[in-house]
Amino acid sequence: MMVRPANSHLFDGWTGLFRVIGTCNSVINDMPPAAKPYVDEKVINEAVAEARFIRGVAYYLLAEFWGEVPIVENSIDYILTNNLYLNKNTRKSVYEFVRRDLEYAKDNLPLTDDPGRVTSWSAKAMLAKLHLTMASNLSDPESSANFQKAKDFAADVITNSGLNLMSSYADLFKMENKNSEESLFAIQLINGGWGEGNSRQANWARNSLITKNDEAWGQGKSGTYNFMNCYENGDLRKHSTIMTLGDIYPEINKSGGGYTYNIVSYNAAGEKTEDAAAILNNIIREK
């Protein structure tokens with residue numbers, strides 16, 4: 001299936017990531033000179049490091065989805081010169097830009113912080129992901145070195161951070177475990193009006209039994225045949241990712257005794273409340 005440039009999801013993803021980058025650039029470029037007379041330099045460096053971490057993640061996602069994209073380090077430079085037509089940078093150069101941002105974050109972020117705030121361990125984990133991606137996507141002599149760097153950064157986090165995985169994969173997605181120690185970086189969403197907060201549950205949920213409101217537009221969204229075949233027998237992650245016939249979720253619709261996935265469901269009056277999805281499964285997004 002071809003996704004055209006006018007696709008609203010594609011457009012929102014592109015503009016959203018560059019809005020994030022623009023905000024980060026403002027912090028990186030404008031905050032230090034304004035704060036320097038009044039704020040300790042270590043605090044300034046940590047704030048810049050946090051912004052560079054977020055900017056690095058945004059550019060990592062842009063490179064993954066679009067490949068070659070413009071690198072903008074200071075948005076004001078382009079606005080003042082009315083230069084709004086930007087050349088693209090190669091994927092390799094974007095990865096290098098991300099690496100430099102994450103290295104700065106690694107060296108300047110604290111080892112611990114309040115839940116939900118990024119730390120040096122967050123940056124090291126993202127560097128592991130980045131180097132693994134570089135090793136896999138770039139055909140050059142540096143692949144072996146990137147695989148080794150990915151291994152080294154991951155091992156450092158696993159061995160020295162003092163953080164641990166949760167005992168159950170499914171627990172990672174439950175609301176009561178928000179910002180658990182397994183979560184090295186997660187977007188901190190806010191409550192608000194339309195266009196704010198996390199819309200994933202509305203976009204992906206099968207029906208209002210899951211969202212507890214009338215925003216549930218994911219009835220036809222399923223895991224593809226190829227995706228389903230990626231799961232080996234007994235893979236415990238499948239139940240928390242894809243709902244299939246007979247799967248039970250006690251954490252959903254708790255007041256109603258839980259939620260059981262059926263291909264087609266009816267209420268007590270015999271009215272159809274859930275229709276079959278295209279591939280007889282649904283992607284799960286827990287509330």
# chains A, B, ... in the order shown; residues from 1 in each chain; ligands from 1
>>> residues_around(residues="segment 156-171 of chain A", least_positions_apart="4", cutoff="6 Å", atoms="only C-alpha atoms", output="ChimeraX atom specification")
/A:181-182,240
>>> residues_around(residues="segment 114-122 of chain A", least_positions_apart="4", cutoff="12 Å", atoms="only C-alpha atoms", output="VMD selection string")
chain A and resid 46 to 47 49 to 54 56 to 57 102 to 110 126 to 129 153 to 163 177 to 189
>>> write_last_selection(atoms="N, CA and C atoms", output="CSV table (one decimal), in the first residue's frame")
chain,number,residue,atom,x,y,z
A,46,GLU,N,22.7,20.3,32.6
A,46,GLU,CA,21.8,19.2,32.7
A,46,GLU,C,20.5,19.5,31.9
A,47,ALA,N,20.1,20.7,31.9
A,47,ALA,CA,18.9,21.1,31.2
A,47,ALA,C,19.2,21.0,29.7
A,49,ALA,N,21.4,19.0,28.4
A,49,ALA,CA,21.5,17.6,28.1
A,49,ALA,C,20.2,17.0,27.9
A,50,GLU,N,19.2,17.4,28.7
A,50,GLU,CA,17.9,16.8,28.6
A,50,GLU,C,17.3,17.2,27.2
A,51,ALA,N,17.4,18.4,26.8
A,51,ALA,CA,16.9,18.9,25.6
A,51,ALA,C,17.6,18.2,24.4
A,52,ARG,N,18.9,18.0,24.5
A,52,ARG,CA,19.7,17.3,23.5
A,52,ARG,C,19.3,15.8,23.4
A,53,PHE,N,19.0,15.2,24.5
A,53,PHE,CA,18.5,13.8,24.5
A,53,PHE,C,17.2,13.7,23.7
A,54,ILE,N,16.2,14.6,24.0
A,54,ILE,CA,14.9,14.6,23.4
A,54,ILE,C,15.1,14.9,21.9
A,56,GLY,N,17.7,14.3,20.1
A,56,GLY,CA,18.4,13.1,19.5
A,56,GLY,C,17.4,12.0,19.2
A,57,VAL,N,16.4,11.8,20.2
A,57,VAL,CA,15.4,10.8,19.9
A,57,VAL,C,14.5,11.2,18.8
A,102,LEU,N,23.3,12.4,22.0
A,102,LEU,CA,23.2,11.4,23.0
A,102,LEU,C,24.5,11.3,23.9
A,103,GLU,N,25.6,11.5,23.2
A,103,GLU,CA,26.9,11.5,24.0
A,103,GLU,C,26.9,12.6,24.9
A,104,TYR,N,26.5,13.8,24.5
A,104,TYR,CA,26.4,14.9,25.4
A,104,TYR,C,25.5,14.7,26.6
A,105,ALA,N,24.3,14.1,26.2
A,105,ALA,CA,23.4,13.7,27.3
A,105,ALA,C,24.0,12.7,28.3
A,106,LYS,N,24.6,11.7,27.8
A,106,LYS,CA,25.3,10.7,28.6
A,106,LYS,C,26.2,11.4,29.6
A,107,ASP,N,27.0,12.3,29.2
A,107,ASP,CA,28.1,12.9,30.0
A,107,ASP,C,27.6,14.0,30.9
A,108,ASN,N,26.3,14.5,30.7
A,108,ASN,CA,25.9,15.6,31.5
A,108,ASN,C,24.6,15.4,32.3
A,109,LEU,N,23.9,14.3,32.0
A,109,LEU,CA,22.7,14.0,32.7
A,109,LEU,C,23.1,13.4,34.1
A,110,PRO,N,22.2,13.5,35.1
A,110,PRO,CA,22.5,12.8,36.4
A,110,PRO,C,22.3,11.3,36.3
A,126,MET,N,19.8,4.5,24.9
A,126,MET,CA,19.5,5.0,23.6
A,126,MET,C,20.7,4.9,22.7
A,127,LEU,N,21.9,5.1,23.2
A,127,LEU,CA,23.1,4.9,22.4
A,127,LEU,C,23.2,3.5,21.9
A,128,ALA,N,22.9,2.6,22.8
A,128,ALA,CA,22.9,1.1,22.4
A,128,ALA,C,22.0,0.9,21.3
A,129,LYS,N,20.8,1.4,21.4
A,129,LYS,CA,19.8,1.3,20.3
A,129,LYS,C,20.3,1.9,19.0
A,153,PHE,N,27.3,-0.5,25.5
A,153,PHE,CA,26.4,0.4,26.2
A,153,PHE,C,25.3,-0.4,26.9
A,154,ALA,N,24.8,-1.4,26.2
A,154,ALA,CA,23.7,-2.2,26.8
A,154,ALA,C,24.2,-2.9,28.0
A,155,ALA,N,25.4,-3.5,28.0
A,155,ALA,CA,25.9,-4.2,29.1
A,155,ALA,C,26.2,-3.3,30.3
A,156,ASP,N,26.6,-2.0,30.0
A,156,ASP,CA,26.8,-1.0,31.1
A,156,ASP,C,25.5,-0.8,31.8
A,157,VAL,N,24.4,-0.6,31.1
A,157,VAL,CA,23.1,-0.3,31.7
A,157,VAL,C,22.7,-1.5,32.5
A,158,ILE,N,22.8,-2.7,31.9
A,158,ILE,CA,22.3,-3.9,32.6
A,158,ILE,C,23.1,-4.2,33.8
A,159,THR,N,24.4,-4.0,33.8
A,159,THR,CA,25.3,-4.4,34.9
A,159,THR,C,25.4,-3.3,36.0
A,160,ASN,N,25.4,-2.0,35.6
A,160,ASN,CA,25.8,-1.0,36.5
A,160,ASN,C,24.7,0.0,36.9
A,161,SER,N,23.6,0.0,36.2
A,161,SER,CA,22.6,1.0,36.5
A,161,SER,C,21.8,0.7,37.8
A,162,GLY,N,21.8,-0.6,38.2
A,162,GLY,CA,21.0,-0.9,39.4
A,162,GLY,C,19.5,-1.1,39.1
A,163,LEU,N,19.1,-0.9,37.8
A,163,LEU,CA,17.7,-1.0,37.4
A,163,LEU,C,17.5,-2.5,36.9
A,177,ASN,N,2.0,0.9,36.9
A,177,ASN,CA,3.4,0.8,36.8
A,177,ASN,C,4.0,1.9,35.9
A,178,LYS,N,3.4,3.0,35.8
A,178,LYS,CA,3.9,4.1,35.0
A,178,LYS,C,5.3,4.5,35.6
A,179,ASN,N,6.2,4.7,34.7
A,179,ASN,CA,7.6,5.2,35.1
A,179,ASN,C,8.2,4.2,36.0
A,180,SER,N,8.0,2.9,35.8
A,180,SER,CA,8.7,1.9,36.5
A,180,SER,C,10.2,1.9,36.2
A,181,GLU,N,11.0,1.2,37.0
A,181,GLU,CA,12.5,1.2,36.8
A,181,GLU,C,12.9,0.6,35.4
A,182,GLU,N,12.0,-0.2,34.8
A,182,GLU,CA,12.3,-0.7,33.5
A,182,GLU,C,12.2,0.3,32.4
A,183,SER,N,11.4,1.4,32.7
A,183,SER,CA,11.1,2.4,31.7
A,183,SER,C,12.3,3.5,31.8
A,184,LEU,N,13.2,3.4,30.9
A,184,LEU,CA,14.3,4.3,30.9
A,184,LEU,C,14.0,5.6,30.2
A,185,PHE,N,13.0,5.6,29.3
A,185,PHE,CA,12.5,6.9,28.8
A,185,PHE,C,11.1,6.6,28.3
A,186,ALA,N,10.2,7.5,28.7
A,186,ALA,CA,8.8,7.5,28.2
A,186,ALA,C,8.3,8.9,28.2
A,187,ILE,N,7.5,9.2,27.1
A,187,ILE,CA,7.0,10.5,27.0
A,187,ILE,C,6.0,10.8,28.2
A,188,GLN,N,6.1,11.9,28.8
A,188,GLN,CA,5.2,12.2,29.9
A,188,GLN,C,4.0,13.1,29.4
A,189,LEU,N,2.9,12.4,29.2
A,189,LEU,CA,1.7,13.0,28.6
A,189,LEU,C,0.9,13.8,29.6
>>> select_by_dssp(residues="segment 48-248 of chain A", states="alpha helix (DSSP H)", output="number ranges by chain")
A: 48-66, 75-80, 91-108, 120-137, 143-160, 200-204, 208-211, 225-228
>>> atom_distance(atom1="atom CA of Ser136 of chain A", atom2="atom CA of Glu96 of chain A")
14.6 Å
>>> atom_distance(atom1="atom CA of Asn282 of chain A", atom2="atom CA of Glu251 of chain A")
16.7 Å
>>> residues_around(residues="Gly258 of chain A", least_positions_apart="4", cutoff="12 Å", atoms="only C-alpha atoms", output="ChimeraX atom specification")
/A:209-210,247-254
>>> write_last_selection(atoms="N, CA and C atoms", output="PDB file, in the first residue's frame")
ATOM      1  N   LEU A 209     -15.563  -0.550  25.883  1.00  0.00           N
ATOM      2  CA  LEU A 209     -15.300  -1.341  27.084  1.00  0.00           C
ATOM      3  C   LEU A 209     -13.840  -1.197  27.509  1.00  0.00           C
ATOM      4  N   ILE A 210     -12.986  -0.944  26.544  1.00  0.00           N
ATOM      5  CA  ILE A 210     -11.553  -0.816  26.827  1.00  0.00           C
ATOM      6  C   ILE A 210     -11.214   0.609  27.237  1.00  0.00           C
ATOM      7  N   ASP A 247      -8.808 -14.830  24.541  1.00  0.00           N
ATOM      8  CA  ASP A 247      -7.875 -14.166  25.456  1.00  0.00           C
ATOM      9  C   ASP A 247      -8.650 -13.371  26.507  1.00  0.00           C
ATOM     10  N   ILE A 248      -8.208 -13.473  27.758  1.00  0.00           N
ATOM     11  CA  ILE A 248      -8.877 -12.820  28.879  1.00  0.00           C
ATOM     12  C   ILE A 248      -7.946 -11.758  29.465  1.00  0.00           C
ATOM     13  N   TYR A 249      -8.519 -10.565  29.749  1.00  0.00           N
ATOM     14  CA  TYR A 249      -7.758  -9.442  30.299  1.00  0.00           C
ATOM     15  C   TYR A 249      -8.483  -8.911  31.533  1.00  0.00           C
ATOM     16  N   PRO A 250      -8.134  -9.396  32.720  1.00  0.00           N
ATOM     17  CA  PRO A 250      -8.817  -8.939  33.936  1.00  0.00           C
ATOM     18  C   PRO A 250      -8.561  -7.474  34.255  1.00  0.00           C
ATOM     19  N   GLU A 251      -7.476  -6.886  33.742  1.00  0.00           N
ATOM     20  CA  GLU A 251      -7.155  -5.487  34.035  1.00  0.00           C
ATOM     21  C   GLU A 251      -7.968  -4.513  33.188  1.00  0.00           C
ATOM     22  N   ILE A 252      -8.676  -5.010  32.178  1.00  0.00           N
ATOM     23  CA  ILE A 252      -9.535  -4.172  31.334  1.00  0.00           C
ATOM     24  C   ILE A 252     -10.984  -4.392  31.756  1.00  0.00           C
ATOM     25  N   ASN A 253     -11.746  -3.301  31.816  1.00  0.00           N
ATOM     26  CA  ASN A 253     -13.152  -3.388  32.228  1.00  0.00           C
ATOM     27  C   ASN A 253     -13.276  -4.076  33.589  1.00  0.00           C
ATOM     28  N   LYS A 254     -12.490  -3.615  34.554  1.00  0.00           N
ATOM     29  CA  LYS A 254     -12.478  -4.248  35.875  1.00  0.00           C
ATOM     30  C   LYS A 254     -13.865  -4.258  36.510  1.00  0.00           C
TER      31      LYS A 254
END
>>> atom_distance(atom1="atom CA of Asn281 of chain A", atom2="atom CA of Leu61 of chain A")
27.6 Å
>>> closest_residue(among="A:Ile21, A:Met31, A:Met175, A:Leu132", to="Val72 of chain A", atoms="only C-alpha atoms")
A:Ile21
>>> residues_around(residues="segment 263-273 of chain A", least_positions_apart="5", cutoff="8 Å", atoms="only C-alpha atoms", output="ChimeraX atom specification")
/A:244-245,280-281
>>> closest_residue(among="A:Ile284, A:Val69, A:Val39, A:Ile76", to="Gly220 of chain A", atoms="only C-alpha atoms")
A:Ile284
>>> residues_around(residues="segment 192-205 of chain A", least_positions_apart="3", cutoff="8 Å", atoms="only C-alpha atoms", output="ChimeraX atom specification")
/A:189,208,210-211,215-219,221,283-287
>>> write_last_selection(atoms="all heavy atoms", output="CSV table (one decimal), in the first residue's frame")
chain,number,residue,atom,x,y,z
A,189,LEU,N,2.9,12.4,29.2
A,189,LEU,CA,1.7,13.0,28.6
A,189,LEU,C,0.9,13.8,29.6
A,189,LEU,O,0.9,13.5,30.8
A,189,LEU,CB,0.9,12.0,27.9
A,189,LEU,CG,1.6,11.2,26.7
A,189,LEU,CD1,0.9,9.9,26.5
A,189,LEU,CD2,1.5,12.1,25.5
A,208,SER,N,-15.5,0.7,23.4
A,208,SER,CA,-15.5,1.6,24.6
A,208,SER,C,-15.4,0.8,25.9
A,208,SER,O,-15.2,1.4,27.0
A,208,SER,CB,-16.8,2.4,24.6
A,208,SER,OG,-18.0,1.5,24.6
A,210,ILE,N,-13.0,-0.9,26.5
A,210,ILE,CA,-11.6,-0.8,26.8
A,210,ILE,C,-11.2,0.6,27.2
A,210,ILE,O,-10.5,0.8,28.2
A,210,ILE,CB,-10.7,-1.2,25.6
A,210,ILE,CG1,-11.0,-2.7,25.3
A,210,ILE,CG2,-9.3,-0.9,25.8
A,210,ILE,CD1,-10.3,-3.3,24.1
A,211,THR,N,-11.8,1.6,26.5
A,211,THR,CA,-11.4,3.0,26.8
A,211,THR,C,-12.3,3.6,27.9
A,211,THR,O,-11.9,4.7,28.5
A,211,THR,CB,-11.5,3.9,25.6
A,211,THR,OG1,-12.9,3.8,25.1
A,211,THR,CG2,-10.6,3.3,24.5
A,215,GLU,N,-14.6,7.1,22.8
A,215,GLU,CA,-13.5,7.3,21.8
A,215,GLU,C,-12.8,5.9,21.7
A,215,GLU,O,-11.9,5.6,22.4
A,215,GLU,CB,-12.5,8.3,22.3
A,215,GLU,CG,-13.2,9.7,22.4
A,215,GLU,CD,-12.2,10.7,23.0
A,215,GLU,OE1,-11.1,10.4,23.5
A,215,GLU,OE2,-12.6,11.9,23.1
A,216,ALA,N,-13.2,5.2,20.7
A,216,ALA,CA,-12.6,3.9,20.4
A,216,ALA,C,-12.7,3.6,18.9
A,216,ALA,O,-13.8,3.2,18.5
A,216,ALA,CB,-13.3,2.8,21.3
A,217,TRP,N,-11.7,3.8,18.2
A,217,TRP,CA,-11.7,3.7,16.7
A,217,TRP,C,-10.9,2.6,16.1
A,217,TRP,O,-10.5,2.7,15.0
A,217,TRP,CB,-11.3,5.1,16.2
A,217,TRP,CG,-12.0,6.2,16.9
A,217,TRP,CD1,-13.3,6.4,17.2
A,217,TRP,CD2,-11.4,7.4,17.4
A,217,TRP,NE1,-13.6,7.5,17.8
A,217,TRP,CE2,-12.4,8.2,17.9
A,217,TRP,CE3,-10.1,7.9,17.3
A,217,TRP,CZ2,-12.2,9.5,18.5
A,217,TRP,CZ3,-9.8,9.2,17.9
A,217,TRP,CH2,-10.9,9.9,18.5
A,218,GLY,N,-10.5,1.6,16.9
A,218,GLY,CA,-9.5,0.7,16.5
A,218,GLY,C,-10.1,-0.7,16.1
A,218,GLY,O,-9.4,-1.7,16.1
A,219,GLN,N,-11.4,-0.8,15.9
A,219,GLN,CA,-12.1,-2.1,15.7
A,219,GLN,C,-11.4,-2.9,14.5
A,219,GLN,O,-11.3,-4.1,14.6
A,219,GLN,CB,-13.6,-1.9,15.4
A,219,GLN,CG,-14.3,-3.2,15.3
A,219,GLN,CD,-15.8,-3.0,15.4
A,219,GLN,OE1,-16.3,-2.2,16.1
A,219,GLN,NE2,-16.6,-3.9,14.7
A,221,LYS,N,-8.3,-2.6,13.4
A,221,LYS,CA,-6.8,-2.6,13.4
A,221,LYS,C,-6.3,-3.8,14.0
A,221,LYS,O,-6.5,-4.1,15.2
A,221,LYS,CB,-6.3,-1.3,14.1
A,221,LYS,CG,-6.7,0.0,13.4
A,221,LYS,CD,-6.3,1.2,14.2
A,221,LYS,CE,-6.8,2.5,13.5
A,221,LYS,NZ,-6.5,3.7,14.2
A,283,ILE,N,-5.1,-5.3,17.8
A,283,ILE,CA,-4.0,-4.8,18.6
A,283,ILE,C,-4.5,-4.3,19.9
A,283,ILE,O,-5.6,-3.6,19.9
A,283,ILE,CB,-3.3,-3.7,17.8
A,283,ILE,CG1,-2.7,-4.2,16.5
A,283,ILE,CG2,-2.2,-3.0,18.6
A,283,ILE,CD1,-2.1,-3.2,15.6
A,284,ILE,N,-3.8,-4.6,21.0
A,284,ILE,CA,-4.3,-4.1,22.3
A,284,ILE,C,-3.5,-2.9,22.7
A,284,ILE,O,-2.3,-2.8,22.5
A,284,ILE,CB,-4.1,-5.3,23.3
A,284,ILE,CG1,-4.6,-4.8,24.7
A,284,ILE,CG2,-2.7,-5.7,23.4
A,284,ILE,CD1,-4.6,-5.9,25.7
A,285,ARG,N,-4.3,-1.9,23.3
A,285,ARG,CA,-3.7,-0.8,24.0
A,285,ARG,C,-4.4,-0.7,25.3
A,285,ARG,O,-5.6,-0.4,25.4
A,285,ARG,CB,-3.9,0.5,23.2
A,285,ARG,CG,-3.0,0.6,22.0
A,285,ARG,CD,-1.5,0.6,22.4
A,285,ARG,NE,-0.6,0.8,21.2
A,285,ARG,CZ,-0.1,-0.3,20.6
A,285,ARG,NH1,-0.4,-1.5,21.1
A,285,ARG,NH2,0.7,-0.1,19.6
A,286,GLU,N,-3.7,-0.9,26.4
A,286,GLU,CA,-4.4,-1.0,27.7
A,286,GLU,C,-4.5,0.4,28.3
A,286,GLU,O,-3.7,1.3,28.1
A,286,GLU,CB,-3.5,-1.8,28.7
A,286,GLU,CG,-3.4,-3.2,28.2
A,286,GLU,CD,-2.5,-4.1,29.1
A,286,GLU,OE1,-2.1,-3.5,30.2
A,286,GLU,OE2,-2.3,-5.2,28.8
A,287,LYS,N,-5.7,0.6,28.9
A,287,LYS,CA,-5.9,1.9,29.6
A,287,LYS,C,-5.4,1.8,31.0
A,287,LYS,O,-5.7,0.9,31.7
A,287,LYS,CB,-7.4,2.2,29.5
A,287,LYS,CG,-7.8,3.5,30.2
A,287,LYS,CD,-9.3,3.8,30.1
A,287,LYS,CE,-9.7,5.0,30.9
A,287,LYS,NZ,-9.0,6.2,30.5
